>>> print(open('upload_38.cif').read())   # mmCIF, C-alpha atoms
data_my_file
loop_
_atom_site.label_atom_id
_atom_site.label_comp_id
_atom_site.auth_asym_id
_atom_site.auth_seq_id
_atom_site.Cartn_x
_atom_site.Cartn_y
_atom_site.Cartn_z
CA MET K 237 -12.30 23.20 11.87
CA LYS K 238 -8.57 22.52 11.52
CA PRO K 239 -7.40 19.91 8.95
CA PHE K 240 -6.24 17.54 11.66
CA GLN K 241 -9.63 17.71 13.39
CA LYS K 242 -11.36 17.05 10.05
CA VAL K 243 -9.30 13.92 9.50
CA CYS K 244 -9.97 12.69 13.04
CA LEU K 245 -13.70 13.22 12.54
CA PHE K 246 -13.49 11.41 9.20
CA LYS K 247 -11.78 8.43 10.86
CA SER K 248 -14.41 8.32 13.57
CA LEU K 249 -17.29 8.39 11.11
CA LEU K 250 -15.65 5.77 8.91
CA ALA K 251 -15.19 3.44 11.87
CA ASN K 252 -18.97 3.48 12.38
CA CYS K 253 -19.65 2.47 8.77
CA HIS K 254 -20.06 -1.23 7.99
CA CYS K 255 -18.29 -0.93 4.62
CA HIS K 256 -17.00 1.63 2.12
CA SER K 257 -20.17 1.41 0.02
CA GLN K 258 -22.00 3.30 2.80
CA LEU K 259 -19.81 6.37 2.50
CA ASP K 260 -22.24 8.21 0.25
CA SER K 261 -25.06 7.80 2.77
CA CYS K 262 -22.92 9.00 5.71
CA LEU K 263 -23.05 12.68 6.69
CA LEU K 264 -19.36 13.28 6.14
CA PRO K 265 -17.90 16.77 5.90
CA PRO K 266 -16.84 17.70 2.33
CA VAL K 267 -13.11 17.40 3.01
CA ALA K 268 -13.57 13.97 4.59
CA LYS K 269 -15.58 12.76 1.60
CA LYS K 270 -12.81 13.94 -0.72
CA ILE K 271 -10.13 12.20 1.29
CA SER K 272 -12.27 9.04 1.39
CA CYS K 273 -11.58 8.46 -2.30
CA VAL K 274 -7.90 8.04 -1.58
CA VAL K 275 -7.70 6.59 1.91
CA GLY K 276 -9.18 3.27 3.03
CA LEU K 277 -9.94 1.79 6.42
CA HIS K 278 -8.09 -1.44 7.17
CA ASN K 279 -7.94 -3.68 10.23
CA HIS K 280 -10.24 -1.56 12.43
CA GLY K 281 -8.66 1.87 12.25
CA SER K 282 -5.22 1.18 10.81
CA TRP K 283 -4.74 3.43 7.81
CA ARG K 284 -3.21 2.65 4.43
CA PRO K 285 -3.32 4.16 0.92
CA LYS K 286 -6.22 2.72 -1.00
CA SER K 287 -5.28 0.10 -3.60
CA LEU K 288 -6.58 0.15 -7.16
CA LEU K 289 -8.68 -2.89 -6.31
CA ASP K 290 -10.71 -0.88 -3.77
CA THR K 291 -11.53 2.00 -6.09
CA ALA K 292 -14.60 0.74 -7.96
CA ARG K 293 -17.00 -2.17 -7.76
CA PHE K 294 -18.72 -3.32 -10.92
CA THR K 295 -20.26 -6.64 -11.93
CA LEU K 296 -18.16 -8.54 -14.45
CA SER K 297 -20.01 -10.75 -16.91
CA PHE K 298 -17.03 -12.66 -18.31
CA ASN K 299 -17.77 -16.37 -18.51
CA SER K 300 -15.94 -19.49 -19.57
CA TRP K 301 -16.75 -18.79 -23.24
CA HIS K 302 -14.59 -15.65 -23.21
CA ARG K 303 -11.65 -17.57 -21.77
CA LYS K 304 -12.12 -20.59 -23.99
CA ASN K 305 -12.02 -18.41 -27.10
CA HIS K 306 -9.17 -16.26 -25.75
CA GLN K 307 -10.39 -12.87 -26.83
CA GLY K 308 -7.54 -10.42 -27.20
CA SER K 309 -6.63 -7.31 -25.25
CA GLN K 310 -8.86 -5.05 -27.35
CA ALA K 311 -11.88 -7.29 -26.75
CA LEU K 312 -11.33 -6.98 -23.00
CA TRP K 313 -10.79 -3.23 -23.37
CA LYS K 314 -14.22 -2.84 -25.03
CA HIS K 315 -16.02 -4.65 -22.23
CA GLU K 316 -18.48 -2.36 -20.44
CA THR K 317 -17.18 -3.24 -16.98
CA VAL K 318 -13.60 -2.42 -17.94
CA GLN K 319 -14.67 0.90 -19.49
CA LYS K 320 -16.61 1.92 -16.36
CA TYR K 321 -13.74 0.92 -14.12
CA LEU K 322 -11.15 2.86 -16.14
CA GLU K 323 -13.42 5.91 -16.34
CA THR K 324 -13.72 5.83 -12.56
CA LEU K 325 -9.94 5.72 -12.19
CA SER K 326 -9.55 8.57 -14.69
CA LYS K 327 -12.07 10.75 -12.82
CA GLU K 328 -10.40 9.94 -9.53
CA TYR K 329 -7.04 11.00 -10.97
CA GLN K 330 -8.54 14.37 -11.95
CA GLN K 331 -10.03 14.78 -8.47
CA VAL K 332 -6.77 13.86 -6.75
CA SER K 333 -4.79 16.24 -8.98
CA HIS K 334 -7.24 19.02 -8.12
CA LEU K 335 -7.04 18.26 -4.38
CA LEU K 336 -3.25 18.45 -4.45
CA ASN K 337 -3.54 22.16 -5.26
CA ALA K 338 -5.53 22.85 -2.08
CA ASP K 339 -3.79 25.00 0.56
CA SER K 340 -5.47 23.34 3.55
CA LEU K 341 -3.74 19.94 3.21
CA ASN K 342 -1.56 18.71 6.05
CA ASP K 343 1.52 16.53 5.50
CA PHE K 344 -0.39 13.25 5.94
CA GLU K 345 -3.06 14.23 3.41
CA GLN K 346 -0.51 15.50 0.92
CA ARG K 347 1.68 12.37 1.10
CA THR K 348 -1.39 10.12 0.68
CA LEU K 349 -2.66 12.12 -2.28
CA MET K 350 0.75 12.18 -3.94
CA ARG K 351 1.11 8.40 -3.65
CA ARG K 352 -2.35 7.90 -5.11
CA CYS K 353 -1.63 10.37 -7.90
CA ALA K 354 1.57 8.49 -8.78
CA ASP K 355 -0.44 5.23 -8.97
CA LEU K 356 -3.17 6.69 -11.16
CA SER K 357 -1.15 8.96 -13.46
CA PRO K 358 0.19 6.30 -15.91
CA ILE K 359 -3.20 4.54 -15.98
CA ALA K 360 -5.09 7.76 -16.77
CA ALA K 361 -2.54 8.69 -19.44
CA ALA K 362 -2.75 5.25 -21.12
CA PHE K 363 -6.57 5.39 -20.95
CA GLN K 364 -6.70 8.76 -22.72
CA GLU K 365 -4.12 7.63 -25.28
CA ILE K 366 -6.27 4.62 -26.27
CA LYS K 367 -9.38 6.83 -26.42
CA GLU K 368 -7.58 9.15 -28.87
CA ALA K 369 -6.46 6.18 -30.95
CA GLU K 370 -10.04 4.87 -31.02
CA ARG K 371 -11.30 8.16 -32.42
CA GLU K 372 -8.58 8.10 -35.05
CA PHE K 373 -9.50 4.50 -35.91
CA GLN K 374 -13.16 5.44 -36.36
CA GLU K 375 -12.18 8.29 -38.69
CA LEU K 376 -10.09 5.87 -40.75
CA GLU K 377 -13.02 3.44 -40.97
CA ALA K 378 -15.28 6.21 -42.23
CA MET K 379 -12.60 7.25 -44.75
CA CYS K 380 -12.23 3.67 -46.00
CA THR K 381 -16.00 3.38 -46.50
CA GLU K 382 -16.06 6.63 -48.47
CA LEU K 383 -13.04 5.71 -50.60
CA ASP K 384 -14.56 2.31 -51.34
CA SER K 385 -17.79 3.91 -52.51
CA ARG K 386 -15.76 6.20 -54.83
CA ASP K 387 -13.70 3.25 -56.11
CA GLU K 388 -10.45 5.01 -55.13
CA LYS K 389 -8.40 1.81 -54.99
CA GLN K 390 -4.93 3.28 -54.41
CA LEU K 391 -6.04 5.63 -51.64
CA LEU K 392 -8.16 2.87 -50.12
CA GLU K 393 -5.14 0.56 -50.01
CA LEU K 394 -3.10 3.21 -48.19
CA ALA K 395 -5.92 3.87 -45.73
CA LEU K 396 -6.34 0.16 -45.01
CA GLU K 397 -2.61 -0.20 -44.33
CA GLU K 398 -2.73 2.72 -41.91
CA LYS K 399 -5.80 1.22 -40.26
CA GLU K 400 -4.03 -2.13 -39.78
CA THR K 401 -0.98 -0.40 -38.30
CA LEU K 402 -3.15 1.58 -35.90
CA ASP K 403 -5.02 -1.58 -34.87
CA LYS K 404 -1.75 -3.28 -33.90
CA LYS K 405 -0.66 -0.15 -32.04
CA MET K 406 -3.95 -0.07 -30.11
CA ASN K 407 -3.51 -3.70 -29.10
CA MET K 408 -0.06 -2.90 -27.71
CA MET K 409 -1.47 0.12 -25.86
CA CYS K 410 -4.21 -2.05 -24.32
CA ARG K 411 -1.58 -4.55 -23.16
CA LYS K 412 0.44 -1.74 -21.62
CA LEU K 413 -2.64 -0.47 -19.78
CA PHE K 414 -3.54 -3.90 -18.41
CA GLN K 415 0.03 -4.40 -17.25
CA LEU K 416 -0.38 -1.23 -15.19
CA LEU K 417 -3.61 -2.49 -13.63
CA VAL K 418 -2.34 -5.76 -12.19
CA PRO K 419 0.60 -6.16 -9.81
CA LYS K 420 3.78 -7.62 -11.29
CA GLU K 421 5.30 -10.76 -9.84
CA LYS K 422 8.24 -9.72 -7.75
CA TYR K 423 10.50 -12.27 -9.45
CA ASP K 424 9.68 -11.25 -13.05
CA ARG K 425 13.01 -9.43 -13.35
CA SER K 426 14.98 -12.27 -11.76
CA PRO K 427 17.54 -14.43 -13.55
CA VAL K 428 16.66 -18.12 -13.72
CA ILE K 429 17.98 -21.64 -13.51
CA LEU K 430 16.58 -23.57 -16.49
CA GLU K 431 16.72 -27.38 -16.42
CA VAL K 432 15.80 -29.86 -19.14
CA THR K 433 15.38 -33.61 -18.60
CA ALA K 434 14.64 -36.33 -21.15
CA GLY K 435 11.56 -38.48 -20.54
CA ARG K 436 10.48 -41.86 -21.84
CA THR K 437 9.48 -42.87 -25.34
CA THR K 438 7.79 -45.72 -27.19
CA GLY K 439 10.95 -46.43 -29.16
CA GLY K 440 14.24 -45.01 -30.36
CA ASP K 441 16.12 -42.13 -28.83
CA ILE K 442 13.75 -39.30 -29.77
CA CYS K 443 13.44 -38.06 -26.17
CA GLN K 444 17.17 -37.49 -25.79
CA GLN K 445 17.42 -35.90 -29.23
CA PHE K 446 14.40 -33.67 -28.57
CA THR K 447 15.80 -32.64 -25.18
CA LYS K 448 19.01 -31.54 -26.87
CA GLU K 449 17.05 -29.56 -29.48
CA MET K 450 15.02 -27.86 -26.76
CA PHE K 451 18.08 -26.92 -24.72
CA GLU K 452 19.70 -25.46 -27.83
CA MET K 453 16.45 -23.62 -28.59
CA TYR K 454 16.53 -21.86 -25.22
CA GLN K 455 20.23 -21.14 -25.67
CA SER K 456 19.47 -19.50 -29.04
CA TYR K 457 16.53 -17.62 -27.51
CA ALA K 458 18.81 -16.23 -24.80
CA ASP K 459 21.15 -15.01 -27.53
CA TYR K 460 18.17 -13.53 -29.44
CA LYS K 461 17.08 -11.63 -26.29
CA ARG K 462 20.71 -10.66 -25.53
CA TRP K 463 20.72 -12.55 -22.25
CA THR K 464 23.66 -14.37 -20.68
CA PHE K 465 23.47 -18.17 -20.90
CA ASP K 466 25.88 -20.09 -18.63
CA ILE K 467 25.74 -23.91 -18.69
CA VAL K 468 25.75 -25.32 -15.15
CA ASN K 469 25.35 -29.02 -15.87
CA TYR K 470 25.36 -31.09 -19.07
CA THR K 471 24.87 -34.87 -19.24
CA PRO K 472 24.89 -36.09 -22.87
CA ALA K 473 23.23 -39.30 -24.06
CA GLU K 474 25.14 -42.07 -25.80
CA ILE K 475 23.71 -41.44 -29.28
CA GLY K 476 24.07 -37.70 -29.75
CA GLY K 477 21.18 -36.65 -27.52
CA LEU K 478 20.91 -35.21 -24.03
CA HIS K 479 19.78 -36.78 -20.74
CA HIS K 480 19.85 -33.68 -18.56
CA ALA K 481 21.22 -30.14 -18.62
CA ALA K 482 20.91 -26.95 -16.63
CA ALA K 483 21.83 -23.35 -17.34
CA HIS K 484 21.88 -20.04 -15.49
CA ILE K 485 20.22 -17.31 -17.60
CA SER K 486 20.45 -13.64 -16.66
CA GLY K 487 19.31 -10.46 -18.36
CA GLU K 488 16.29 -8.19 -18.64
CA ASN K 489 12.97 -9.75 -17.50
CA VAL K 490 14.24 -13.31 -17.95
CA TYR K 491 11.78 -15.00 -15.59
CA ARG K 492 8.85 -13.00 -16.99
CA HIS K 493 9.47 -14.46 -20.46
CA LEU K 494 10.38 -18.02 -19.44
CA LYS K 495 8.09 -18.73 -16.47
CA TYR K 496 5.41 -20.38 -18.65
CA GLU K 497 7.93 -22.71 -20.33
CA GLY K 498 8.05 -24.95 -17.27
CA GLY K 499 6.22 -28.27 -17.64
CA THR K 500 6.12 -31.35 -19.87
CA HIS K 501 6.78 -30.90 -23.60
CA ARG K 502 5.62 -33.75 -25.83
CA VAL K 503 7.16 -34.68 -29.18
CA GLN K 504 5.63 -36.72 -31.99
CA ARG K 505 7.96 -37.69 -34.83
CA ILE K 506 9.34 -40.53 -36.93
CA PRO K 507 12.90 -41.34 -35.75
CA GLU K 508 15.43 -40.62 -38.47
CA THR K 509 17.95 -43.35 -37.59
CA GLY K 510 18.50 -46.32 -35.33
CA LEU K 511 15.31 -48.27 -36.01
CA SER K 512 14.39 -51.06 -38.41
CA SER K 513 11.99 -50.37 -41.26
CA ARG K 514 9.06 -51.87 -39.34
CA MET K 515 9.67 -49.35 -36.57
CA GLN K 516 9.55 -46.38 -38.92
CA ARG K 517 6.32 -44.99 -37.55
CA ILE K 518 5.33 -42.02 -35.42
CA HIS K 519 6.75 -42.25 -31.91
CA THR K 520 5.70 -40.16 -28.93
CA GLY K 521 8.13 -39.00 -26.29
CA THR K 522 8.39 -36.32 -23.62
CA MET K 523 10.90 -34.06 -21.94
CA SER K 524 10.44 -31.72 -19.01
CA VAL K 525 11.49 -28.14 -18.45
CA ILE K 526 11.91 -26.54 -15.03
CA VAL K 527 12.30 -22.76 -14.75
CA LEU K 528 13.45 -21.58 -11.31
CA PRO K 529 13.72 -17.86 -10.52
CA GLN K 530 17.11 -17.14 -9.01
CA PRO K 531 16.55 -15.70 -5.52
CA GLU K 532 18.68 -13.23 -3.66
CA GLU K 533 20.58 -14.49 -0.64
CA VAL K 534 18.03 -12.81 1.65
CA ASP K 535 15.09 -14.64 0.04
CA VAL K 536 16.21 -18.15 0.97
CA LYS K 537 18.50 -18.87 3.90
CA VAL K 538 20.15 -22.30 3.93
CA ASP K 539 21.57 -23.62 7.18
CA PRO K 540 24.92 -25.37 6.51
CA LYS K 541 23.91 -27.98 9.12
CA ASP K 542 21.06 -29.06 6.82
CA LEU K 543 23.42 -29.88 3.93
CA ARG K 544 25.31 -33.02 2.95
CA ILE K 545 28.06 -32.23 0.45
CA ASP K 546 29.64 -35.01 -1.63
CA THR K 547 32.45 -34.74 -4.17
CA PHE K 548 33.11 -37.08 -7.08
CA ARG K 549 34.83 -37.25 -10.44
CA ALA K 550 33.01 -35.56 -13.27
CA ARG K 551 31.40 -37.71 -15.95
CA GLY K 552 31.37 -37.23 -19.71
CA ALA K 553 33.41 -34.85 -21.83
CA GLY K 554 35.43 -32.10 -20.27
CA GLY K 555 39.12 -32.77 -20.54
CA GLN K 556 41.66 -34.70 -18.50
CA HIS K 557 41.60 -32.41 -15.47
CA VAL K 558 37.81 -32.56 -15.10
CA ASN K 559 37.77 -36.35 -15.26
CA LYS K 560 40.80 -37.06 -13.02
CA THR K 561 40.00 -34.93 -9.96
CA ASP K 562 37.08 -34.91 -7.54
CA SER K 563 35.92 -31.52 -8.76
CA ALA K 564 32.22 -32.38 -9.19
CA VAL K 565 29.94 -31.51 -6.26
CA ARG K 566 26.60 -32.93 -5.14
CA ILE K 567 24.62 -31.17 -2.38
CA VAL K 568 21.65 -32.74 -0.62
CA HIS K 569 19.27 -30.61 1.46
CA LEU K 570 18.40 -33.03 4.26
CA PRO K 571 15.06 -31.50 5.45
CA THR K 572 13.51 -31.66 1.96
CA GLY K 573 15.60 -34.33 0.22
CA LEU K 574 16.38 -31.98 -2.68
CA ALA K 575 19.65 -32.85 -4.43
CA VAL K 576 21.66 -30.79 -6.91
CA GLU K 577 25.03 -31.30 -8.53
CA CYS K 578 27.47 -29.36 -10.64
CA GLN K 579 30.48 -30.65 -12.58
CA GLN K 580 31.07 -28.03 -15.26
CA GLU K 581 33.93 -26.10 -13.67
CA ARG K 582 37.45 -27.31 -12.96
CA SER K 583 37.38 -25.83 -9.49
CA GLN K 584 35.54 -27.75 -6.79
CA GLN K 585 34.82 -24.47 -4.98
CA MET K 586 33.20 -22.93 -8.07
CA ASN K 587 31.08 -26.04 -8.59
CA LYS K 588 30.02 -25.85 -4.95
CA GLU K 589 28.97 -22.20 -5.30
CA ILE K 590 26.95 -22.96 -8.43
CA ALA K 591 25.30 -25.98 -6.79
CA LEU K 592 24.35 -23.88 -3.74
CA ARG K 593 22.87 -21.25 -6.02
CA THR K 594 20.81 -23.92 -7.79
CA LEU K 595 19.66 -25.39 -4.47
CA ARG K 596 18.46 -21.99 -3.26
CA ALA K 597 16.54 -21.58 -6.52
CA LYS K 598 14.81 -24.95 -6.04
CA LEU K 599 13.90 -24.14 -2.44
CA TYR K 600 12.62 -20.77 -3.60
CA GLN K 601 10.51 -22.49 -6.25
CA GLN K 602 8.76 -24.49 -3.52
CA ILE K 603 7.84 -21.22 -1.82
CA ILE K 604 6.53 -19.79 -5.08
CA GLU K 605 4.46 -22.89 -5.87
CA LYS K 606 2.90 -22.70 -2.41
CA GLN K 607 2.01 -19.04 -2.95
CA LEU K 608 0.57 -19.73 -6.41
CA SER K 609 -1.45 -22.63 -5.01
CA GLN K 610 -2.97 -20.33 -2.40
CA GLU K 611 -3.68 -17.58 -4.92
CA GLN K 612 -5.31 -20.04 -7.33
CA SER K 613 -7.34 -21.95 -4.77
CA ALA K 614 -10.61 -20.38 -5.92
CA ARG K 615 -9.99 -20.95 -9.65
CA LYS K 616 -7.06 -22.48 -11.51
CA LEU K 617 -5.59 -20.00 -13.95
CA GLN K 618 -6.00 -20.73 -17.64
CA LEU K 619 -2.23 -20.93 -17.99
CA GLY K 620 -1.96 -23.68 -15.41
CA THR K 621 0.14 -24.21 -12.33
CA ARG K 622 3.62 -24.21 -13.91
CA ALA K 623 4.17 -27.65 -12.38
CA GLN K 624 6.75 -29.96 -13.93
CA SER K 625 4.17 -32.72 -14.45
CA GLU K 626 1.79 -30.52 -16.40
CA ARG K 627 1.72 -31.16 -20.16
CA ILE K 628 1.87 -27.77 -21.78
CA ARG K 629 2.91 -28.18 -25.42
CA THR K 630 3.08 -30.77 -28.24
CA TYR K 631 5.58 -30.63 -31.10
CA ASN K 632 4.18 -32.69 -33.99
CA PHE K 633 6.95 -33.00 -36.58
CA THR K 634 4.88 -34.97 -39.10
CA GLN K 635 2.31 -32.16 -39.25
CA ASP K 636 4.88 -29.39 -38.76
CA ARG K 637 2.77 -28.02 -35.92
CA VAL K 638 3.32 -26.84 -32.34
CA THR K 639 0.24 -26.81 -30.10
CA ASP K 640 0.13 -24.99 -26.79
CA HIS K 641 -2.61 -26.79 -24.87
CA ARG K 642 -3.11 -24.05 -22.27
CA ILE K 643 -4.35 -21.49 -24.78
CA SER K 644 -5.41 -23.86 -27.60
CA TYR K 645 -2.99 -22.18 -29.98
CA ASP K 646 -1.38 -23.82 -33.02
CA ALA K 647 1.81 -22.53 -34.64
CA ARG K 648 3.35 -23.81 -37.85
CA ASN K 649 6.98 -24.29 -38.88
CA ILE K 650 8.62 -26.21 -36.04
CA LYS K 651 12.11 -25.49 -37.34
CA GLU K 652 11.52 -21.75 -37.00
CA ILE K 653 10.33 -22.18 -33.41
CA LEU K 654 13.24 -24.48 -32.49
CA SER K 655 15.65 -21.90 -33.93
CA GLY K 656 14.83 -19.88 -30.81
CA LYS K 657 14.29 -16.57 -32.51
CA GLU K 658 11.29 -14.54 -33.70
CA ALA K 659 8.80 -17.44 -33.98
CA LEU K 660 9.45 -18.60 -30.40
CA ASP K 661 9.33 -15.01 -29.14
CA LYS K 662 5.93 -14.57 -30.82
CA LEU K 663 4.60 -17.72 -29.12
CA ILE K 664 5.92 -16.63 -25.71
CA ASN K 665 4.44 -13.13 -26.10
CA ARG K 666 1.08 -14.67 -27.00
CA LEU K 667 1.21 -16.60 -23.73
CA LEU K 668 2.10 -13.42 -21.84
CA GLU K 669 -0.80 -11.53 -23.39
CA TYR K 670 -3.28 -14.24 -22.39
CA ALA K 671 -1.77 -14.28 -18.89
CA GLU K 672 -2.31 -10.50 -18.65
CA ILE K 673 -5.93 -10.82 -19.83
CA GLU K 674 -6.51 -13.61 -17.32
CA ALA K 675 -4.97 -11.51 -14.54
CA VAL K 676 -7.18 -8.50 -15.36
CA THR K 677 -10.24 -10.76 -15.53
CA GLN K 678 -9.39 -12.22 -12.11
CA TYR K 679 -8.75 -8.71 -10.82
CA LEU K 680 -12.20 -7.52 -11.88
CA GLU K 681 -13.86 -10.70 -10.61
CA ASN K 682 -12.41 -9.81 -7.22
CA LEU K 683 -14.29 -6.54 -7.46
CA GLN K 684 -17.46 -8.50 -8.16
CA ALA K 685 -16.78 -10.67 -5.09
CA LEU K 686 -16.34 -7.53 -2.97
CA GLU K 687 -19.64 -6.20 -4.29
CA GLY K 688 -21.43 -9.48 -3.58
CA GLY K 689 -19.91 -10.15 -0.18
CA GLY K 690 -19.66 -6.63 1.18
CA CYS K 691 -16.69 -5.76 3.37
#
>>> encode(input="upload_38.cif", output="C-alpha cells")
Amino acid sequence: MKPFQKVCLFKSLLANCHCHSQLDSCLLPPVAKKISCVVGLHNHGSWRPKSLLDTARFTLSFNSWHRKNHQGSQALWKHETVQKYLETLSKEYQQVSHLLNADSLNDFEQRTLMRRCADLSPIAAAFQEIKEAEREFQELEAMCTELDSRDEKQLLELALEEKETLDKKMNMMCRKLFQLLVPKEKYDRSPVILEVTAGRTTGGDICQQFTKEMFEMYQSYADYKRWTFDIVNYTPAEIGGLHHAAAHISGENVYRHLKYEGGTHRVQRIPETGLSSRMQRIHTGTMSVIVLPQPEEVDVKVDPKDLRIDTFRARGAGGQHVNKTDSAVRIVHLPTGLAVECQQERSQQMNKEIALRTLRAKLYQQIIEKQLSQEQSARKLQLGTRAQSERIRTYNFTQDRVTDHRISYDARNIKEILSGKEALDKLINRLLEYAEIEAVTQYLENLQALEGGGC
C-alpha cells in the first residue's frame, strides 16, 4: 500500500472512532497508528498538528490546599501526574525522531512530524536535564549523610553549599520546563502604558505621596531592567504628591513582568507632616495602577469618525510655552466613552499621537479583559483578574511589611521594594512563578476534563 493510501485509510478509520482514546482498540495499520500520535482529528475530518494538550490524559489530584499553600515549581514537578505526562512526551519525542528517519514518508507526513518534533524537542531536553540534576542531588544527599556520620565538618559544609546551589538551579530548570508547557500570552513581549492614580484616604495627603513613590518605584524598576521609560502625563498634587501620571515603557518582556501590577495598592502609614498631634495615627489610603499592553496598529483600528478631539492649555509645571499655547490634547472615543489626554510635549501633534497610542492601548485592554474573563469562566485564577478595582497589595509602613494578597506572601523592608531594584524584582518573579504553576495546573486539569468528558 502506498503512503498516500495508508494516510487515507487512517483518516477513514479515525472518522469512525468516537474519540482518540479508542485508537488502541481500532484495527489500524502500523503506519497509521504511528502517525496517530502526531496528528489529530478536528472538526469532522479537518486535519491539524496535535497540540501538547491532546497528547496524554491523566487524572490530576491537585486540590485547593496545594494552591493555598503555593507549593513551588519543584513540588509540582514531583507530582505523579506531571511525571507521567512528561514521560509520555519524552517517549513520543523519541518515537517521532525515529519516524523521521523512515524512507516511506510523504511530504505531508514529514512536515507534520517535523513540526511535532520541534514542539517536543526543548521539552524532552529540559526533562532529561532535570532528571540528571535529580540524580546528582541524590548523590550529594548521600554524601552529606556520610560526611555527617564521619564528623567531617569542613567537607560537609562544602557539600551542603553545593547542594543548596543545585537545588536553586533545579527550581529554575523546573520553571523553564513549565514555561515550555503552557502557551505564552501574545502580548508578553509588548511595551506598556502604565498609569497611576491617587485614591482616597482617611486623612492627610498620604495617597498623593504614596502615588508619587509608586510611580518613582516603577521608573526605577524600568531603569533596573534597562527599559525605556517615557512620561506621557504627569499631574502633581499641591503638597508634593501626585494625583495622576502615565508613562510609556518599552523593552524586553515589559508586559510579562508588569501585568500583575495592575490593581489597587493599599498603604498604611502615619503621615509625617501636615496633621495635628491628635491626628498622628495610622491612616489607610489607596492608589490604583493600570498596566495596558501597547498594541500594534493592526490589533486595534480606531475610526476617526468615532473620536472627539479637544485642545487646551497644559496645566502644572512645564515652562512658558507649554502653559501659553493650546498644546494639550484630549481625545474621547464616543462609542465607549473612554477619554485620554496628553500635555507633556510642546507640540500639539506629538501630544495627539501619544494620546491616540494610549487610547488604542485602553481599547486593547478591554479586548484582553474580555478574553481573560472567558478563559477564567470555569475557575478564577489565583492571581486574580488584573482589574483596576481588585486590591492586590498592602504596604504597611509601621510594620515595614508588604503583603501580596493574591499569593499570601509577605516581604520585609518597604524602602528596598520602593527603590525599584532587586527586592521588587524578586517579588515580581515570585508572582510569575506562581502564575506559571497555576497555568500548568489548569493545563493538566483540562486533561482531566477531557478524560472525564470524552471527546
>>> residues_around(input="upload_38.cif", residues="range 516-530 of chain K", least_positions_apart="2", cutoff="6 Å", atoms="only C-alpha atoms", output="compact mmCIF listing (two decimals) with C-alpha atoms, in the frame of the given file")
# COMPACT_ATOMS: atom_id res chain seq x y z
CA SER K 426 14.98 -12.27 -11.76
CA PRO K 427 17.54 -14.43 -13.55
CA VAL K 428 16.66 -18.12 -13.72
CA ILE K 429 17.98 -21.64 -13.51
CA LEU K 430 16.58 -23.57 -16.49
CA GLU K 431 16.72 -27.38 -16.42
CA VAL K 432 15.80 -29.86 -19.14
CA THR K 433 15.38 -33.61 -18.60
CA ALA K 434 14.64 -36.33 -21.15
CA GLY K 435 11.56 -38.48 -20.54
CA ARG K 436 10.48 -41.86 -21.84
CA THR K 437 9.48 -42.87 -25.34
CA THR K 438 7.79 -45.72 -27.19
CA CYS K 443 13.44 -38.06 -26.17
CA GLY K 498 8.05 -24.95 -17.27
CA GLY K 499 6.22 -28.27 -17.64
CA THR K 500 6.12 -31.35 -19.87
CA HIS K 501 6.78 -30.90 -23.60
CA ARG K 502 5.62 -33.75 -25.83
CA VAL K 503 7.16 -34.68 -29.18
CA GLN K 504 5.63 -36.72 -31.99
CA ARG K 505 7.96 -37.69 -34.83
CA ILE K 506 9.34 -40.53 -36.93
CA SER K 513 11.99 -50.37 -41.26
CA ARG K 514 9.06 -51.87 -39.34
CA ALA K 597 16.54 -21.58 -6.52
CA GLN K 601 10.51 -22.49 -6.25
>>> residues_around(input="upload_38.cif", residues="Ile359 in chain K", least_positions_apart="5", cutoff="8 Å", atoms="all atoms listed in the file", output="PyMOL selection string")
chain K and resi 325-326+413+416-417
>>> resolve_selection(input="upload_38.cif", expression="the PyMOL selection byres ((chain K and resi 485) around 12)", output="PyMOL selection string")
chain K and resi 425-431+454-459+461-468+482-484+486-491+493-494+527-530+594
>>> residues_around(input="upload_38.cif", residues="Gln330 in chain K", least_positions_apart="6", cutoff="12 Å", atoms="all atoms listed in the file", output="PyMOL selection string")
chain K and resi 273+323-324+336-337+349+352-353+356-357+359-361
>>> residues_around(input="upload_38.cif", residues="range 386-402 of chain K", least_positions_apart="3", cutoff="8 Å", atoms="all atoms listed in the file", output="PyMOL selection string")
chain K and resi 369+373+376-377+379-380+382-383+405-406
>>> atom_distance(input="upload_38.cif", atom1="CA of Ser644 in chain K", atom2="CA of Arg492 in chain K")
20.8 Å
>>> closest_residue(input="upload_38.cif", among="K:Val332, K:Ile442, K:Ile673, K:Cys578", to="Phe414 in chain K", atoms="only C-alpha atoms")
K:Ile673
>>> closest_residue(input="upload_38.cif", among="K:Gln585, K:Ser655, K:Gln310, K:Thr317", to="Leu680 in chain K", atoms="all atoms listed in the file")
K:Thr317
>>> atom_distance(input="upload_38.cif", atom1="CA of Ala591 in chain K", atom2="CA of Glu577 in chain K")
5.6 Å
